[in-house]
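Accompanying notes for the structure given below.
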Number of protein chains: 2
Amino acid sequence: MSTEANGHDRVGKPGGLMGTEIAQQPDVLRALLADGAEIADAATRISRFSPRFVVLAARGTSDHAALYGKYLAEIRLGLPAGLASPSSMTVYGSRPDLSDVLFVAVSQSGASPDLMDSTAAAHACGALTVAVTNSPGSPLAEQAEIHVDVRAGVERAVAATKTYTAELLALYLLLSGTPDAAAGIGDAAERTLRAGAGQSAAHRYLETNRVVVTARGFSYPTAREAALKLMETSYLSAHAFSGADLLHGPLAMVDEHVPVIAVVTPGRGAEAMQPVLDRVRSSGSDLLLVGSDDGLPVASAGLPEELFPVIEILPLQQLACELATLRGSDPDRPRGLAKVTQTW
Amino acid sequence: MSTEANGHDRVGKPGGLMGTEIAQQPDVLRALLADGAEIADAATRISRFSPRFVVLAARGTSDHAALYGKYLAEIRLGLPAGLASPSSMTVYGSRPDLSDVLFVAVSQSGASPDLMDSTAAAHACGALTVAVTNSPGSPLAEQAEIHVDVRAGVERAVAATKTYTAELLALYLLLSGTPDAAAGIGDAAERTLRAGAGQSAAHRYLETNRVVVTARGFSYPTAREAALKLMETSYLSAHAFSGADLLHGPLAMVDEHVPVIAVVTPGRGAEAMQPVLDRVRSSGSDLLLVGSDDGLPVASAGLPEELFPVIEILPLQQLACELATLRGSDPDRPRGLAKVTQTW
């Protein structure tokens, strides 16, 4: 039996599943990129539909991929976009006029009842419906007019990792129109993971119960997803805020006992974070920078800012997995959770 | 000097400003309702514009009013709606096609630079722009084509209370088309506040550092706003989740040390919360029900569900104010915060 404490080296030890799936991501991304014909065809159908507005619907980790899709729709497609409030249609029975609307449902399993109901309702209301899933035979995939398979392979860990980055890349390919810019994404992911910075940083949070994760722009979904990973694997109370919103109230709860993780891979989002970093530093909080060589480095060189989220979540996944095992819990078996969540 | 511990009885004691403004809300709501000509005129102009989509932009507390506006737009106007990501326009310079779009900026002060920039950009992109503020002479009010004054009077406490409920009622009057249904809102607010249930419940959280607030549908903005109030006044780590999202991961961090506050004023949102309540109860968490006679009662009788958010936040404001003073801090002077937050 291995004497290593972190258990990432093989399946069957705490965090073994999650660690294995984290490590698969460079190959998952390369494979999705190599087999891009289905997504290119979907992009053509969307372009022919000529949407005026984009609505994205998702839950949990996939909701952070949907938020990324919202930024892409606004910035790359030049379309107003919103995240669906599924209850408007499923609980209150609203039937909005969705002609000219592109409706994109994102779900690893393709099995969430409220997403199926929302997608069916969106179609009935005139939208073009797209499902982005890791499960081509799923009810959601069959429900939608267009299905995009993120081809991440079976994900066994409860905490989603490879399906998240595959969803991000699939949305990029679907909505940005520039697949060539993503050519280096697999290598960038591999370099980022190999640095292992997330694992090394876990010791900083051994006694931490509360943490704030913050970012702006394209990196804001990264902050949201990192906070969720820390909550569901290490049971930390992890809050994510856009840098702008942090200054509107929640900054009051940041002090020397509440570390802050800021995602600032160099780009326009990071520039907009500078005033936020100044305020956080003056609070006395322990500040960890993601995308910085003196924090958790991210191999972003040569990639457009739109693709940073695909790689900057990687050291944060490593951090969440390592921290959970160091704190004596098993990230593959979080309490109270199942892999497919049924919500109506 | 008074021997009372809670300090709500006069300005100058900890929480005095916040307590005074909480108590003003019944009259603020009645006055806004009585002077409805400006909002009725704005609603007519919106109806003449005949929007296809609604985009709402806000920060902090006003962002929760904007989220409420999103539900109203979807359910009452039957239009797809989204919350703006201001950085798309202000950081990345996106200029989406916003013809047919109703753009609603919500801001107590009307002085936030990124909202002014977003509103100017939205107008330039073809949207009809509306500003909902408590400051008719503010730059944002002058920037927008239509201004709705929520007439709450000067708000001196850093933690917004009366401007929030006034924003909610203004959005209801602007987007729902049924002002008569709101006739009893002032009295309902008064009855809810007089019960004082929020103050009495504060002792439950004296030793609490983490709390989860949850709801679905129209009450979800209440959960978000309650969490923000607890963060900014009592420095609690308070998380808000839609009931559906809570089951997708964050439930793992709920246990007997993490109390849950669920907003379940009887209606369709509350019905959809029942499976969530079952799961929370089995976690061993201390559960407080807002809108229930054995929790924090809300005088909702006779009001449509769309108006519940205006009154169900009231006992939660009382709770936040009382808890802060009991824990020895002054909710009128939260650390690290200023009344007007400048974000770009």
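Identifiers in this document derive from the order of the structure tokens: chains are assigned A, B, ..., residues are numbered from 1 separately in each chain, and ligands are numbered from 1 in order of occurrence.
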* To do: Give me the residues within 6 Å of region 126-141 of chain A as a ChimeraX atom specification, counting only C-alpha atoms and dropping any in the same chain fewer than 2 places off.
  => /A:98-99,101-110,116,122-124,143-151
* **Contact residues around region 224-241 of chain A with only C-alpha atoms at 8 Å, ignoring same-chain residues under 2 positions, as an MDAnalysis selection string** => (chainID A and resid 61 64 159 208:215 220:222 243:246 313 316:317 320:321 323:324 327 329:332 334) or (chainID B and resid 210 237 239 249:253)
Residues from the last selection, C-alpha atoms, saved as a PDB file, in the first residue's frame:
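Below is the file that was written, result-v7.pdb:
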ATOM      1  CA  THR A  61     -21.236  23.176 -12.508  1.00  0.00           C
ATOM      2  CA  HIS A  64     -20.866  28.121 -14.808  1.00  0.00           C
ATOM      3  CA  ALA A 159     -17.416  16.530  -8.512  1.00  0.00           C
ATOM      4  CA  THR A 208      -9.752  27.624   6.677  1.00  0.00           C
ATOM      5  CA  ASN A 209     -13.529  27.520   6.850  1.00  0.00           C
ATOM      6  CA  ARG A 210     -14.372  30.527   4.699  1.00  0.00           C
ATOM      7  CA  VAL A 211     -12.875  31.686   1.452  1.00  0.00           C
ATOM      8  CA  VAL A 212     -13.828  34.255  -1.184  1.00  0.00           C
ATOM      9  CA  VAL A 213     -13.083  33.701  -4.889  1.00  0.00           C
ATOM     10  CA  THR A 214     -13.267  36.696  -7.219  1.00  0.00           C
ATOM     11  CA  ALA A 215     -12.670  37.653 -10.855  1.00  0.00           C
ATOM     12  CA  TYR A 220     -15.829  35.211 -13.452  1.00  0.00           C
ATOM     13  CA  PRO A 221     -17.248  31.750 -14.316  1.00  0.00           C
ATOM     14  CA  THR A 222     -13.894  30.333 -13.114  1.00  0.00           C
ATOM     15  CA  GLY A 243     -14.859  41.906  -8.461  1.00  0.00           C
ATOM     16  CA  ALA A 244     -17.338  44.726  -8.992  1.00  0.00           C
ATOM     17  CA  ASP A 245     -20.011  43.148  -6.786  1.00  0.00           C
ATOM     18  CA  LEU A 246     -17.478  42.338  -4.053  1.00  0.00           C
ATOM     19  CA  ILE A 313      -9.854  26.220 -13.473  1.00  0.00           C
ATOM     20  CA  LEU A 316      -8.222  25.143  -8.686  1.00  0.00           C
ATOM     21  CA  GLN A 317      -9.588  21.638  -9.310  1.00  0.00           C
ATOM     22  CA  ALA A 320     -10.024  21.342  -4.182  1.00  0.00           C
ATOM     23  CA  CYS A 321      -9.171  17.658  -4.590  1.00  0.00           C
ATOM     24  CA  LEU A 323      -7.463  19.964   0.164  1.00  0.00           C
ATOM     25  CA  ALA A 324     -10.382  17.566   0.630  1.00  0.00           C
ATOM     26  CA  ARG A 327      -8.693  17.433   5.520  1.00  0.00           C
ATOM     27  CA  SER A 329     -12.675  13.666   3.455  1.00  0.00           C
ATOM     28  CA  ASP A 330     -13.110  11.860   0.169  1.00  0.00           C
ATOM     29  CA  PRO A 331     -13.881  14.176  -2.748  1.00  0.00           C
ATOM     30  CA  ASP A 332     -15.242  11.200  -4.668  1.00  0.00           C
ATOM     31  CA  PRO A 334     -19.185  14.094  -0.915  1.00  0.00           C
TER      32      PRO A 334
ATOM     33  CA  ARG B 210     -22.063  30.253   8.219  1.00  0.00           C
ATOM     34  CA  SER B 237     -20.611  33.892   5.569  1.00  0.00           C
ATOM     35  CA  HIS B 239     -24.763  31.787   0.945  1.00  0.00           C
ATOM     36  CA  GLY B 249     -23.476  20.477  -4.950  1.00  0.00           C
ATOM     37  CA  PRO B 250     -23.678  23.049  -2.150  1.00  0.00           C
ATOM     38  CA  LEU B 251     -25.916  20.805  -0.027  1.00  0.00           C
ATOM     39  CA  ALA B 252     -22.690  18.968   0.868  1.00  0.00           C
ATOM     40  CA  MET B 253     -21.615  21.861   3.096  1.00  0.00           C
TER      41      MET B 253
END
* Asked: What lies within 7 Å of region 76-93 of chain A using only C-alpha atoms, ignoring chain neighbours under 6 positions off, as a PyMOL selection string?
  -> (chain A and resi 52-57+70+114+117-118+175-176) or (chain B and resi 71+74-75+81-83+94-98+217+268-269)
Go ahead and write the selection's residues with N, CA and C atoms as a PDB file, in the first residue's frame.
ATOM      1  N   ARG A  52     -31.612  36.529 -32.411  1.00  0.00           N
ATOM      2  CA  ARG A  52     -31.511  37.905 -31.919  1.00  0.00           C
ATOM      3  C   ARG A  52     -31.124  37.946 -30.441  1.00  0.00           C
ATOM      4  N   PHE A  53     -31.342  36.825 -29.739  1.00  0.00           N
ATOM      5  CA  PHE A  53     -31.173  36.802 -28.291  1.00  0.00           C
ATOM      6  C   PHE A  53     -30.783  35.383 -27.899  1.00  0.00           C
ATOM      7  N   VAL A  54     -29.947  35.238 -26.884  1.00  0.00           N
ATOM      8  CA  VAL A  54     -29.508  33.911 -26.453  1.00  0.00           C
ATOM      9  C   VAL A  54     -29.928  33.694 -25.000  1.00  0.00           C
ATOM     10  N   VAL A  55     -30.572  32.564 -24.733  1.00  0.00           N
ATOM     11  CA  VAL A  55     -30.914  32.180 -23.359  1.00  0.00           C
ATOM     12  C   VAL A  55     -30.204  30.868 -23.069  1.00  0.00           C
ATOM     13  N   LEU A  56     -29.496  30.803 -21.945  1.00  0.00           N
ATOM     14  CA  LEU A  56     -28.774  29.591 -21.563  1.00  0.00           C
ATOM     15  C   LEU A  56     -29.368  29.046 -20.273  1.00  0.00           C
ATOM     16  N   ALA A  57     -29.509  27.727 -20.207  1.00  0.00           N
ATOM     17  CA  ALA A  57     -30.122  27.104 -19.030  1.00  0.00           C
ATOM     18  C   ALA A  57     -29.246  25.969 -18.541  1.00  0.00           C
ATOM     19  N   LYS A  70     -22.689  32.888 -21.937  1.00  0.00           N
ATOM     20  CA  LYS A  70     -23.337  34.214 -21.977  1.00  0.00           C
ATOM     21  C   LYS A  70     -22.329  35.287 -22.383  1.00  0.00           C
ATOM     22  N   ASP A 114     -35.946  19.421 -14.896  1.00  0.00           N
ATOM     23  CA  ASP A 114     -36.381  20.792 -15.166  1.00  0.00           C
ATOM     24  C   ASP A 114     -35.731  21.357 -16.425  1.00  0.00           C
ATOM     25  N   ASP A 117     -37.852  19.940 -19.277  1.00  0.00           N
ATOM     26  CA  ASP A 117     -39.112  20.676 -19.388  1.00  0.00           C
ATOM     27  C   ASP A 117     -38.893  22.076 -19.960  1.00  0.00           C
ATOM     28  N   SER A 118     -37.821  22.756 -19.502  1.00  0.00           N
ATOM     29  CA  SER A 118     -37.546  24.102 -20.017  1.00  0.00           C
ATOM     30  C   SER A 118     -37.244  24.054 -21.505  1.00  0.00           C
ATOM     31  N   LEU A 175     -19.785  29.042 -30.349  1.00  0.00           N
ATOM     32  CA  LEU A 175     -20.209  30.452 -30.345  1.00  0.00           C
ATOM     33  C   LEU A 175     -19.139  31.444 -30.774  1.00  0.00           C
ATOM     34  N   SER A 176     -17.878  31.035 -30.839  1.00  0.00           N
ATOM     35  CA  SER A 176     -16.851  32.050 -31.127  1.00  0.00           C
ATOM     36  C   SER A 176     -16.474  32.120 -32.592  1.00  0.00           C
TER      37      SER A 176
ATOM     38  N   TYR B  71     -37.826  38.011 -13.246  1.00  0.00           N
ATOM     39  CA  TYR B  71     -38.981  37.101 -13.102  1.00  0.00           C
ATOM     40  C   TYR B  71     -40.272  37.771 -13.586  1.00  0.00           C
ATOM     41  N   GLU B  74     -40.339  37.864 -17.411  1.00  0.00           N
ATOM     42  CA  GLU B  74     -40.579  36.549 -18.001  1.00  0.00           C
ATOM     43  C   GLU B  74     -42.016  36.086 -17.777  1.00  0.00           C
ATOM     44  N   ILE B  75     -42.497  36.294 -16.550  1.00  0.00           N
ATOM     45  CA  ILE B  75     -43.788  35.699 -16.178  1.00  0.00           C
ATOM     46  C   ILE B  75     -44.943  36.647 -16.498  1.00  0.00           C
ATOM     47  N   ALA B  81     -35.665  37.384 -20.717  1.00  0.00           N
ATOM     48  CA  ALA B  81     -34.988  38.451 -19.981  1.00  0.00           C
ATOM     49  C   ALA B  81     -33.663  37.942 -19.445  1.00  0.00           C
ATOM     50  N   GLY B  82     -32.729  38.850 -19.272  1.00  0.00           N
ATOM     51  CA  GLY B  82     -31.432  38.484 -18.723  1.00  0.00           C
ATOM     52  C   GLY B  82     -30.863  39.597 -17.869  1.00  0.00           C
ATOM     53  N   LEU B  83     -29.967  39.215 -16.960  1.00  0.00           N
ATOM     54  CA  LEU B  83     -29.227  40.215 -16.197  1.00  0.00           C
ATOM     55  C   LEU B  83     -27.964  40.554 -16.971  1.00  0.00           C
ATOM     56  N   SER B  94     -18.008  45.306 -25.986  1.00  0.00           N
ATOM     57  CA  SER B  94     -18.994  44.695 -26.890  1.00  0.00           C
ATOM     58  C   SER B  94     -20.115  45.688 -27.180  1.00  0.00           C
ATOM     59  N   ARG B  95     -20.604  45.678 -28.411  1.00  0.00           N
ATOM     60  CA  ARG B  95     -21.694  46.557 -28.816  1.00  0.00           C
ATOM     61  C   ARG B  95     -22.778  45.719 -29.477  1.00  0.00           C
ATOM     62  N   PRO B  96     -23.538  44.949 -28.640  1.00  0.00           N
ATOM     63  CA  PRO B  96     -24.563  44.061 -29.202  1.00  0.00           C
ATOM     64  C   PRO B  96     -25.704  44.829 -29.850  1.00  0.00           C
ATOM     65  N   ASP B  97     -26.415  44.140 -30.731  1.00  0.00           N
ATOM     66  CA  ASP B  97     -27.609  44.716 -31.355  1.00  0.00           C
ATOM     67  C   ASP B  97     -28.745  44.696 -30.333  1.00  0.00           C
ATOM     68  N   LEU B  98     -29.140  45.864 -29.836  1.00  0.00           N
ATOM     69  CA  LEU B  98     -30.159  45.922 -28.788  1.00  0.00           C
ATOM     70  C   LEU B  98     -31.450  46.583 -29.271  1.00  0.00           C
ATOM     71  N   GLY B 217     -38.162  30.690  -7.326  1.00  0.00           N
ATOM     72  CA  GLY B 217     -39.089  31.576  -8.018  1.00  0.00           C
ATOM     73  C   GLY B 217     -39.004  33.003  -7.510  1.00  0.00           C
ATOM     74  N   ARG B 268     -46.632  29.116  -5.281  1.00  0.00           N
ATOM     75  CA  ARG B 268     -46.052  28.084  -6.137  1.00  0.00           C
ATOM     76  C   ARG B 268     -44.554  27.905  -5.899  1.00  0.00           C
ATOM     77  N   GLY B 269     -43.840  29.003  -5.593  1.00  0.00           N
ATOM     78  CA  GLY B 269     -42.420  28.882  -5.272  1.00  0.00           C
ATOM     79  C   GLY B 269     -42.203  27.983  -4.066  1.00  0.00           C
TER      80      GLY B 269
END
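Take CA of His248 (chain B) and CA of Thr265 (chain A): the distance between them is 28.0 Å.
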* Asked: What residues in region 88-200 of chain B get the DSSP label helix (DSSP H, G or I)? Please answer as a VMD selection string.
  -> chain B and resid 88 to 90 113 to 124 139 to 143 162 to 175 179 to 182 185 to 195 197 to 200
Using DSSP on the backbone coordinates, identify the residues of region 20-196 of chain B assigned to strand (DSSP E or B); present them as a CSV table (one decimal) with N, CA and C atoms, in the first residue's frame.
chain,number,residue,atom,x,y,z
B,53,PHE,N,-37.2,41.8,-25.8
B,53,PHE,CA,-36.3,41.2,-24.8
B,53,PHE,C,-36.1,42.3,-23.7
B,54,VAL,N,-35.8,41.8,-22.5
B,54,VAL,CA,-35.5,42.7,-21.4
B,54,VAL,C,-34.1,42.4,-20.8
B,55,VAL,N,-33.3,43.4,-20.7
B,55,VAL,CA,-32.0,43.2,-20.0
B,55,VAL,C,-32.0,44.2,-18.8
B,56,LEU,N,-31.6,43.6,-17.7
B,56,LEU,CA,-31.6,44.4,-16.4
B,56,LEU,C,-30.1,44.5,-15.9
B,57,ALA,N,-29.7,45.7,-15.4
B,57,ALA,CA,-28.4,45.9,-15.0
B,57,ALA,C,-28.4,46.5,-13.6
B,58,ALA,N,-27.5,46.0,-12.7
B,58,ALA,CA,-27.5,46.6,-11.4
B,58,ALA,C,-26.3,45.9,-10.6
B,81,ALA,N,-35.7,37.4,-20.7
B,81,ALA,CA,-35.0,38.5,-20.0
B,81,ALA,C,-33.7,37.9,-19.4
B,82,GLY,N,-32.7,38.9,-19.3
B,82,GLY,CA,-31.4,38.5,-18.7
B,82,GLY,C,-30.9,39.6,-17.9
B,83,LEU,N,-30.0,39.2,-17.0
B,83,LEU,CA,-29.2,40.2,-16.2
B,83,LEU,C,-28.0,40.6,-17.0
B,101,VAL,N,-34.8,45.9,-27.5
B,101,VAL,CA,-34.5,45.5,-26.1
B,101,VAL,C,-34.9,46.7,-25.2
B,102,LEU,N,-35.5,46.3,-24.1
B,102,LEU,CA,-35.8,47.2,-23.0
B,102,LEU,C,-34.6,47.0,-22.0
B,103,PHE,N,-33.9,48.0,-21.7
B,103,PHE,CA,-32.7,48.0,-20.8
B,103,PHE,C,-33.1,48.7,-19.6
B,104,VAL,N,-33.1,48.0,-18.4
B,104,VAL,CA,-33.5,48.6,-17.2
B,104,VAL,C,-32.3,48.6,-16.2
B,105,ALA,N,-31.8,49.8,-15.9
B,105,ALA,CA,-30.7,49.9,-14.9
B,105,ALA,C,-31.4,50.3,-13.5
B,106,VAL,N,-30.9,49.5,-12.5
B,106,VAL,CA,-31.5,49.8,-11.1
B,106,VAL,C,-30.4,50.2,-10.2
B,107,SER,N,-30.5,51.3,-9.6
B,107,SER,CA,-29.4,51.8,-8.7
B,107,SER,C,-30.0,52.8,-7.7
B,128,LEU,N,-34.3,50.8,-25.6
B,128,LEU,CA,-35.0,51.8,-24.8
B,128,LEU,C,-34.5,51.7,-23.4
B,129,THR,N,-33.9,52.8,-22.8
B,129,THR,CA,-33.3,52.7,-21.5
B,129,THR,C,-34.1,53.3,-20.4
B,130,VAL,N,-34.2,52.6,-19.3
B,130,VAL,CA,-35.0,53.0,-18.1
B,130,VAL,C,-34.1,53.0,-16.9
B,131,ALA,N,-34.0,54.0,-16.1
B,131,ALA,CA,-33.3,54.0,-14.9
B,131,ALA,C,-34.3,54.0,-13.7
B,132,VAL,N,-34.1,53.1,-12.8
B,132,VAL,CA,-34.9,53.0,-11.6
B,132,VAL,C,-34.0,53.4,-10.5
B,133,THR,N,-34.2,54.6,-9.9
B,133,THR,CA,-33.2,55.1,-8.9
B,133,THR,C,-34.0,55.8,-7.7
B,146,ILE,N,-36.0,57.1,-19.8
B,146,ILE,CA,-37.1,57.1,-18.9
B,146,ILE,C,-36.5,57.0,-17.5
B,147,HIS,N,-37.0,57.8,-16.6
B,147,HIS,CA,-36.5,57.7,-15.2
B,147,HIS,C,-37.7,57.3,-14.3
B,148,VAL,N,-37.5,56.3,-13.4
B,148,VAL,CA,-38.5,56.0,-12.4
B,148,VAL,C,-37.9,56.3,-11.0
B,149,ASP,N,-38.5,57.2,-10.3
B,149,ASP,CA,-38.0,57.6,-9.0
B,149,ASP,C,-38.7,56.8,-8.0
